[in-house]
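> So that you have it, the file is structure06.txt, and it contains compact mmCIF, C-alpha atoms:
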```txt
# COMPACT_ATOMS: atom_id res chain seq x y z
CA MET A 337 -16.90 -19.37 10.96
CA ALA A 338 -15.27 -17.03 13.44
CA SER A 339 -12.43 -14.90 12.21
CA THR A 340 -10.20 -16.38 14.91
CA GLN A 341 -9.87 -19.61 12.96
CA ILE A 342 -8.92 -17.78 9.79
CA LYS A 343 -6.53 -15.56 11.73
CA ALA A 344 -4.81 -18.72 12.99
CA GLN A 345 -4.55 -19.95 9.40
CA LEU A 346 -3.02 -16.66 8.32
CA ASN A 347 -0.57 -16.78 11.19
CA ASP A 348 0.50 -20.30 10.27
CA LEU A 349 1.01 -19.26 6.66
CA LEU A 350 3.14 -16.26 7.63
CA ASN A 351 5.20 -18.26 10.10
CA SER A 352 5.96 -20.90 7.50
CA MET A 353 6.89 -18.24 4.96
CA PHE A 354 9.37 -16.75 7.43
CA ALA A 355 10.69 -20.17 8.40
CA MET A 356 11.31 -21.13 4.79
CA ASP A 357 12.92 -17.77 3.93
CA PHE A 358 10.20 -16.77 1.49
CA LEU A 359 10.05 -13.66 3.62
CA ASP A 360 12.62 -11.97 5.83
CA GLU A 361 13.02 -9.18 8.40
CA GLN A 362 12.15 -6.51 5.85
CA PHE A 363 8.61 -7.88 5.57
CA LYS A 364 8.30 -7.66 9.35
CA GLN A 365 9.29 -3.99 9.07
CA LEU A 366 6.47 -3.51 6.58
CA GLN A 367 4.00 -5.27 8.85
CA MET A 368 4.91 -2.82 11.61
CA LEU A 369 4.20 0.09 9.28
CA GLU A 370 0.62 -0.97 8.59
CA ASP A 371 -1.84 0.55 10.99
CA GLY A 372 -4.79 2.91 11.19
CA SER A 373 -3.02 5.68 9.33
CA CYS A 374 -2.23 3.52 6.33
CA PRO A 375 -4.53 0.49 6.20
CA GLY A 376 -4.12 -1.86 3.29
CA PHE A 377 -0.51 -0.79 2.87
CA ILE A 378 0.80 -4.35 2.79
CA SER A 379 -1.73 -5.63 0.28
CA GLU A 380 -0.99 -2.62 -1.92
CA VAL A 381 2.76 -3.18 -1.81
CA ILE A 382 2.40 -6.92 -2.40
CA THR A 383 0.09 -6.35 -5.37
CA ILE A 384 2.43 -3.80 -6.96
CA PHE A 385 5.38 -6.11 -6.38
CA CYS A 386 3.69 -9.11 -7.97
CA ASP A 387 2.49 -7.10 -10.98
CA ASP A 388 5.94 -5.58 -11.53
CA ALA A 389 7.72 -8.91 -11.09
CA GLU A 390 5.40 -10.60 -13.57
CA ARG A 391 6.06 -7.86 -16.09
CA ILE A 392 9.83 -7.93 -15.58
CA LEU A 393 10.01 -11.72 -15.90
CA SER A 394 8.10 -11.57 -19.20
CA LEU A 395 10.44 -8.90 -20.52
CA ILE A 396 13.50 -10.92 -19.50
CA THR A 397 12.06 -14.04 -21.14
CA GLU A 398 11.57 -12.09 -24.34
CA LEU A 399 15.11 -10.68 -24.27
CA LEU A 400 16.63 -14.11 -23.71
CA SER A 401 14.67 -15.60 -26.61
CA LYS A 402 16.44 -13.34 -29.11
CA PRO A 403 19.34 -14.75 -31.18
CA VAL A 404 21.63 -12.00 -29.87
CA VAL A 405 21.00 -11.30 -26.22
CA ASP A 406 21.29 -7.78 -24.84
CA PHE A 407 22.79 -8.78 -21.50
CA GLU A 408 22.97 -5.20 -20.31
CA LYS A 409 19.23 -4.81 -20.64
CA VAL A 410 18.61 -8.16 -18.95
CA ASP A 411 20.91 -7.12 -16.10
CA ALA A 412 19.06 -3.83 -15.72
CA TYR A 413 15.74 -5.67 -15.34
CA VAL A 414 17.20 -8.17 -12.88
CA HIS A 415 18.62 -5.26 -10.90
CA GLN A 416 15.13 -3.78 -10.74
CA LEU A 417 13.62 -7.05 -9.60
CA LYS A 418 16.30 -7.49 -6.97
CA GLY A 419 15.59 -3.99 -5.66
CA SER A 420 11.88 -4.46 -5.37
CA SER A 421 12.12 -7.96 -3.89
CA SER A 422 14.52 -6.68 -1.21
CA SER A 423 12.19 -3.79 -0.45
CA VAL A 424 9.31 -6.19 0.08
CA GLY A 425 11.32 -8.77 2.01
CA ALA A 426 11.06 -11.48 -0.64
CA LYS A 427 14.30 -13.10 0.40
CA ARG A 428 14.47 -16.16 -1.84
CA VAL A 429 13.59 -14.19 -4.97
CA ALA A 430 16.21 -11.56 -4.08
CA LEU A 431 18.87 -14.24 -3.63
CA VAL A 432 18.22 -15.79 -7.04
CA CYS A 433 18.41 -12.29 -8.53
CA ILE A 434 21.95 -11.94 -7.19
CA LYS A 435 22.83 -15.25 -8.85
CA PHE A 436 21.20 -14.03 -12.05
CA ARG A 437 23.26 -10.84 -12.15
CA ASN A 438 26.44 -12.88 -11.91
CA VAL A 439 25.60 -15.06 -14.91
CA CYS A 440 24.44 -12.00 -16.80
CA GLN A 441 27.71 -10.24 -16.24
CA GLU A 442 29.48 -13.26 -17.69
CA ASN A 443 27.24 -13.05 -20.78
CA ASP A 444 26.30 -16.67 -20.14
CA LYS A 445 23.07 -17.30 -22.06
CA GLU A 446 22.57 -20.86 -20.85
CA GLY A 447 23.24 -19.80 -17.29
CA CYS A 448 20.69 -17.00 -17.69
CA MET A 449 18.03 -19.36 -19.03
CA ALA A 450 18.57 -21.76 -16.14
CA THR A 451 18.49 -18.98 -13.56
CA LEU A 452 15.40 -17.46 -15.16
CA TYR A 453 13.68 -20.80 -14.71
CA GLU A 454 14.71 -20.79 -11.07
CA ILE A 455 13.43 -17.27 -10.44
CA ARG A 456 10.16 -18.14 -12.16
CA ARG A 457 9.71 -21.09 -9.84
CA GLU A 458 10.51 -19.06 -6.74
CA PHE A 459 8.33 -16.17 -7.75
CA ASP A 460 5.35 -18.38 -8.71
CA GLU A 461 5.56 -20.10 -5.33
CA LEU A 462 5.73 -16.77 -3.51
CA ASN A 463 2.93 -15.30 -5.61
CA LYS A 464 0.65 -18.22 -4.70
CA LYS A 465 1.35 -17.74 -1.01
CA PHE A 466 0.82 -13.96 -1.24
CA ARG A 467 -2.53 -14.49 -2.92
CA THR A 468 -3.61 -16.90 -0.19
CA MET A 469 -2.45 -14.33 2.39
CA LEU A 470 -4.50 -11.56 0.80
CA GLN A 471 -7.57 -13.79 0.48
CA LEU A 472 -7.37 -14.76 4.14
CA GLU A 473 -6.99 -11.10 5.12
CA GLN A 474 -10.04 -10.15 3.10
CA GLN A 475 -12.07 -12.92 4.74
CA ILE A 476 -10.97 -11.73 8.17
CA GLN A 477 -11.92 -8.13 7.39
CA ALA A 478 -15.30 -9.22 6.04
CA LEU A 479 -16.07 -11.28 9.13
CA ASP A 480 -14.79 -8.63 11.57
CA SER A 481 -16.80 -5.85 9.97
CA LYS A 482 -20.01 -7.86 10.29
CA ARG A 483 -19.76 -7.88 14.07
CA MET B 478 19.51 9.15 26.25
CA ALA B 479 17.99 8.35 22.88
CA ALA B 480 14.67 9.80 24.02
CA ALA B 481 16.30 13.09 25.03
CA ALA B 482 17.99 13.36 21.66
CA ASP B 483 14.66 12.72 19.90
CA LEU B 484 13.02 15.44 21.96
CA ALA B 485 15.81 17.91 21.15
CA LEU B 486 15.39 17.13 17.47
CA GLU B 487 11.65 17.66 17.68
CA GLU B 488 12.14 20.99 19.39
CA ALA B 489 14.64 22.14 16.77
CA LEU B 490 12.42 21.09 13.90
CA PRO B 491 8.84 21.45 15.14
CA ALA B 492 7.36 21.50 11.67
CA GLY B 493 9.11 18.28 10.73
CA ILE B 494 11.07 18.12 7.53
CA ARG B 495 10.06 18.01 3.89
CA VAL B 496 11.80 15.27 1.97
CA LEU B 497 12.04 14.76 -1.78
CA VAL B 498 12.54 11.04 -2.44
CA ILE B 499 13.85 9.84 -5.77
CA ASP B 500 13.87 6.19 -6.84
CA ASP B 501 12.98 4.47 -10.08
CA ASP B 502 11.76 1.43 -8.11
CA ARG B 503 8.18 2.26 -7.18
CA ILE B 504 8.06 -0.26 -4.37
CA SER B 505 11.12 1.11 -2.65
CA LEU B 506 9.70 4.61 -3.21
CA LYS B 507 6.41 3.70 -1.59
CA VAL B 508 7.99 1.94 1.37
CA VAL B 509 10.46 4.76 2.07
CA CYS B 510 7.70 7.39 1.84
CA ILE B 511 5.45 5.55 4.28
CA MET B 512 8.39 5.19 6.67
CA LEU B 513 9.12 8.92 6.39
CA LYS B 514 5.47 9.67 7.08
CA LYS B 515 5.68 7.51 10.19
CA CYS B 516 8.68 9.56 11.30
CA GLY B 517 6.46 12.61 11.08
CA TYR B 518 8.16 13.88 7.93
CA GLU B 519 6.52 15.08 4.73
CA ALA B 520 7.54 13.00 1.72
CA THR B 521 7.21 13.81 -1.97
CA GLN B 522 7.82 11.04 -4.50
CA CYS B 523 9.80 11.27 -7.70
CA SER B 524 10.71 8.45 -10.01
CA SER B 525 13.56 9.96 -12.00
CA GLY B 526 16.45 12.36 -11.63
CA LYS B 527 15.09 14.55 -14.41
CA GLU B 528 11.69 14.83 -12.72
CA ALA B 529 13.43 15.62 -9.44
CA LEU B 530 15.45 18.48 -10.92
CA GLU B 531 12.31 19.94 -12.44
CA MET B 532 10.56 19.78 -9.09
CA LEU B 533 13.51 21.27 -7.26
CA THR B 534 13.79 24.11 -9.73
CA GLN B 535 10.08 24.85 -9.66
CA TYR B 536 9.61 24.44 -5.93
CA GLU B 537 12.96 25.54 -4.61
CA GLY B 538 12.71 26.32 -0.94
CA GLU B 539 9.92 23.84 -0.40
CA PHE B 540 12.17 20.95 0.43
CA ASP B 541 14.60 20.51 3.29
CA ILE B 542 16.44 17.45 2.10
CA VAL B 543 16.78 15.15 -0.89
CA LEU B 544 16.93 11.36 -0.58
CA THR B 545 18.04 9.72 -3.78
CA ASP B 546 18.69 6.25 -5.12
CA VAL B 547 22.10 5.78 -6.72
CA HIS B 548 21.40 3.51 -9.68
CA MET B 549 18.69 4.95 -11.90
CA PRO B 550 18.28 4.57 -15.66
CA ASP B 551 18.10 8.19 -16.86
CA MET B 552 20.40 10.00 -14.46
CA ASP B 553 22.31 8.31 -11.70
CA GLY B 554 22.42 9.59 -8.16
CA PHE B 555 25.91 11.05 -8.53
CA GLU B 556 24.92 13.22 -11.47
CA LEU B 557 21.87 14.41 -9.56
CA LEU B 558 24.02 15.08 -6.54
CA GLU B 559 26.37 17.25 -8.57
CA LYS B 560 23.53 19.23 -10.11
CA VAL B 561 21.80 19.78 -6.77
CA GLY B 562 25.10 20.72 -5.17
CA LEU B 563 25.84 23.26 -7.90
CA GLY B 564 22.52 25.02 -8.12
CA MET B 565 20.76 24.40 -4.86
CA ASP B 566 21.26 24.71 -1.19
CA LEU B 567 20.09 21.30 -0.03
CA PRO B 568 21.57 18.35 1.82
CA VAL B 569 21.47 15.10 -0.15
CA VAL B 570 21.38 11.59 1.27
CA MET B 571 22.07 8.67 -1.01
CA LEU B 572 20.23 5.40 -0.89
CA SER B 573 21.43 2.19 -2.45
CA GLU B 574 21.68 -1.57 -2.25
CA ASP B 575 25.24 -1.13 -3.40
CA SER B 576 27.27 -1.26 -0.24
CA SER B 577 30.63 -1.46 -2.00
CA ARG B 578 33.25 0.78 -0.48
CA GLU B 579 34.00 2.61 -3.74
CA THR B 580 30.39 3.59 -4.25
CA VAL B 581 29.97 4.81 -0.69
CA VAL B 582 33.20 6.81 -0.85
CA LYS B 583 32.21 8.14 -4.28
CA GLY B 584 28.94 9.33 -2.78
CA ILE B 585 30.58 11.11 0.11
CA ASN B 586 33.23 12.62 -2.17
CA HIS B 587 30.50 13.93 -4.46
CA GLY B 588 29.01 15.77 -1.51
CA ALA B 589 26.38 13.42 -0.10
CA CYS B 590 25.94 14.02 3.59
CA ASP B 591 25.04 10.40 4.22
CA TYR B 592 24.74 7.06 2.47
CA LEU B 593 22.08 4.56 3.52
CA ILE B 594 22.02 0.92 2.46
CA LYS B 595 18.75 -0.53 1.17
CA PRO B 596 16.44 -1.87 2.32
CA VAL B 597 16.52 0.98 4.76
CA GLN B 598 15.19 0.76 8.32
CA ILE B 599 12.86 3.35 9.75
CA GLU B 600 15.36 4.15 12.53
CA GLU B 601 17.90 5.28 9.95
CA LEU B 602 15.37 7.51 8.24
CA LYS B 603 14.56 9.23 11.52
CA LYS B 604 18.15 10.42 11.71
CA ILE B 605 18.11 12.33 8.41
CA ALA B 606 16.59 15.26 10.29
CA VAL B 607 20.00 15.69 11.89
CA HIS B 608 21.47 16.41 8.47
CA VAL B 609 18.89 19.13 7.88
CA LEU B 610 19.86 20.81 11.14
CA THR B 611 23.59 20.48 10.51
CA TRP B 612 23.16 21.92 7.02
CA ARG B 613 21.12 24.85 8.26
CA ASN B 614 23.56 25.61 11.04
CA ALA B 615 26.53 25.40 8.68
CA ASN B 616 24.86 27.70 6.17
CA SER B 617 23.58 30.22 8.67
CA SER B 618 27.09 30.67 10.07
CA ILE B 619 28.37 31.30 6.54
CA ASP B 620 25.65 33.91 6.01
CA SER B 621 26.48 35.69 9.26
CA ASP B 622 30.16 35.81 8.25
CA LEU B 623 29.22 37.47 4.99
CA ILE B 624 27.07 40.05 6.76
CA GLU B 625 29.91 40.97 9.08
CA ASP B 626 32.18 41.66 6.10
```
The structure given in the file should be rewritten as structure tokens.


Amino acid sequence: MASTQIKAQLNDLLNSMFAMDFLDEQFKQLQMLEDGSCPGFISEVITIFCDDAERILSLITELLSKPVVDFEKVDAYVHQLKGSSSSVGAKRVALVCIKFRNVCQENDKEGCMATLYEIRREFDELNKKFRTMLQLEQQIQALDSKR
Amino acid sequence: MAAAADLALEEALPAGIRVLVIDDDRISLKVVCIMLKKCGYEATQCSSGKEALEMLTQYEGEFDIVLTDVHMPDMDGFELLEKVGLGMDLPVVMLSEDSSRETVVKGINHGACDYLIKPVQIEELKKIAVHVLTWRNANSSIDSDLIED
């Protein structure tokens, strides 16, 4: 299979991610940064982001499961996640983080649980798409290098 | 006109500038450093205020400008700004998602020479070289005044 077909698939995936606000302008900025001088920059950033997000979500889940919730700590983690998702251009995740900080600041445990569920859903969806993106890129590189 | 300004900047700072970047968010840190590299600047990463002060003390004179996040767990950007302002002769630019007026004004009042809102664009990072020049010019005129006395 020629890499052109896979490139088209990758393009379609990216376009739909932009169209559905999974990704925003910031991600385009990152795409422009990747070139000969720093190849693999995007896959590195995406991988770090997904690992960090996974870790933060687990920590938040743990904090919210306690009988007395340390909302300050939860807020600090959400703040971190919001920062990294904005840096990567993960728009939908960043937006839910803003919502999360509001319920946190009101010390609203139920609200936090519901918003955590929402972030989980958004992040899992994004994570799946990112993994597909990286797989397609790897396939393209493999095919192109064979030429 | 923009191109002429870029050229003037390059001529004034042929060796580029050396930036110390401080942010507890490793993604933001990575992205900003790559952007600085693309601008032709040298970037050193730091993930806490404490680490930054150690670096600045040990390698004083090896940095031209400090770029720091505002909200960090161990030491916030304002505290760092004060300490750098007290002990060291370096311009500091603050970086934050917090675009609230009070925080921006607080930053400028604490001595920051600029305040950039995250996520930062590469065009804005290019301009930090201007602050290095302004700082140098301001300080060299102070030095020459002292010599005259």

> List every residue of chain A that has an atom at most 10 Å from any atom of chain B, giving for each one its closest atom pair and the distance in Å to one decimal, counting only C-alpha atoms, sorted by chain and then by ascending residue number, as JSON lines.


```
{"residue": "A:Gln362", "atom": "CA", "partner": "B:Pro596", "partner_atom": "CA", "distance": 7.2}
{"residue": "A:Gln365", "atom": "CA", "partner": "B:Gln598", "partner_atom": "CA", "distance": 7.6}
{"residue": "A:Leu366", "atom": "CA", "partner": "B:Val508", "partner_atom": "CA", "distance": 7.7}
{"residue": "A:Leu369", "atom": "CA", "partner": "B:Met512", "partner_atom": "CA", "distance": 7.1}
{"residue": "A:Glu370", "atom": "CA", "partner": "B:Ile511", "partner_atom": "CA", "distance": 9.2}
{"residue": "A:Ser373", "atom": "CA", "partner": "B:Lys515", "partner_atom": "CA", "distance": 8.9}
{"residue": "A:Cys374", "atom": "CA", "partner": "B:Ile511", "partner_atom": "CA", "distance": 8.2}
{"residue": "A:Phe377", "atom": "CA", "partner": "B:Ile511", "partner_atom": "CA", "distance": 8.8}
{"residue": "A:Ile378", "atom": "CA", "partner": "B:Val508", "partner_atom": "CA", "distance": 9.7}
{"residue": "A:Glu380", "atom": "CA", "partner": "B:Ile504", "partner_atom": "CA", "distance": 9.7}
{"residue": "A:Val381", "atom": "CA", "partner": "B:Ile504", "partner_atom": "CA", "distance": 6.6}
{"residue": "A:Ile382", "atom": "CA", "partner": "B:Ile504", "partner_atom": "CA", "distance": 9.0}
{"residue": "A:Ile384", "atom": "CA", "partner": "B:Ile504", "partner_atom": "CA", "distance": 7.1}
{"residue": "A:Phe385", "atom": "CA", "partner": "B:Ile504", "partner_atom": "CA", "distance": 6.7}
{"residue": "A:Asp388", "atom": "CA", "partner": "B:Ile504", "partner_atom": "CA", "distance": 9.2}
{"residue": "A:Ala412", "atom": "CA", "partner": "B:Pro550", "partner_atom": "CA", "distance": 8.4}
{"residue": "A:His415", "atom": "CA", "partner": "B:His548", "partner_atom": "CA", "distance": 9.3}
{"residue": "A:Gln416", "atom": "CA", "partner": "B:Asp502", "partner_atom": "CA", "distance": 6.7}
{"residue": "A:Leu417", "atom": "CA", "partner": "B:Asp502", "partner_atom": "CA", "distance": 8.8}
{"residue": "A:Lys418", "atom": "CA", "partner": "B:Glu574", "partner_atom": "CA", "distance": 9.3}
{"residue": "A:Gly419", "atom": "CA", "partner": "B:Asp502", "partner_atom": "CA", "distance": 7.1}
{"residue": "A:Ser420", "atom": "CA", "partner": "B:Ile504", "partner_atom": "CA", "distance": 5.8}
{"residue": "A:Ser421", "atom": "CA", "partner": "B:Ile504", "partner_atom": "CA", "distance": 8.7}
{"residue": "A:Ser422", "atom": "CA", "partner": "B:Pro596", "partner_atom": "CA", "distance": 6.3}
{"residue": "A:Ser423", "atom": "CA", "partner": "B:Pro596", "partner_atom": "CA", "distance": 5.4}
{"residue": "A:Val424", "atom": "CA", "partner": "B:Ile504", "partner_atom": "CA", "distance": 7.5}
{"residue": "A:Gly425", "atom": "CA", "partner": "B:Pro596", "partner_atom": "CA", "distance": 8.6}
```

> Quick one, how far is CA of Met353 (chain A) from CA of Lys464 (chain A)?

11.5 Å

> Pick from B:Ile499, B:Ala615, B:Leu544, B:Ile585: nearest to Lys527 (chain B), with all atoms listed in the file counted?

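Selected residue with least distance to Lys527 (chain B): B:Ile499.
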
> Taking all atoms listed in the file into account, which of A:Asp387, A:Glu361, A:Glu473, A:Glu408 comes nearest Leu349 (chain A)?

A:Glu473

> Between B:Thr545, B:Val582, B:Lys560, B:Tyr536, which residue has the minimum interatomic distance to Cys510 (chain B), considering all atoms listed in the file?

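Residue with the minimum atom-to-atom distance to Cys510 (chain B): B:Thr545.
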
> To one decimal place, how far is CA of Ile396 (chain A) from CA of Val547 (chain B) in Å?

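Between CA of Ile396 (chain A) and CA of Val547 (chain B) the gap works out to 22.7 Å.
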
> Counting all atoms listed in the file, what is within 8 Å of Glu458 (chain A), bar same-chain residues fewer than 3 positions away, as a list in words?

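Counting only the stated atoms, we get Arg428, Val429, Glu454, Ile455, Glu461 and Leu462 of chain A.
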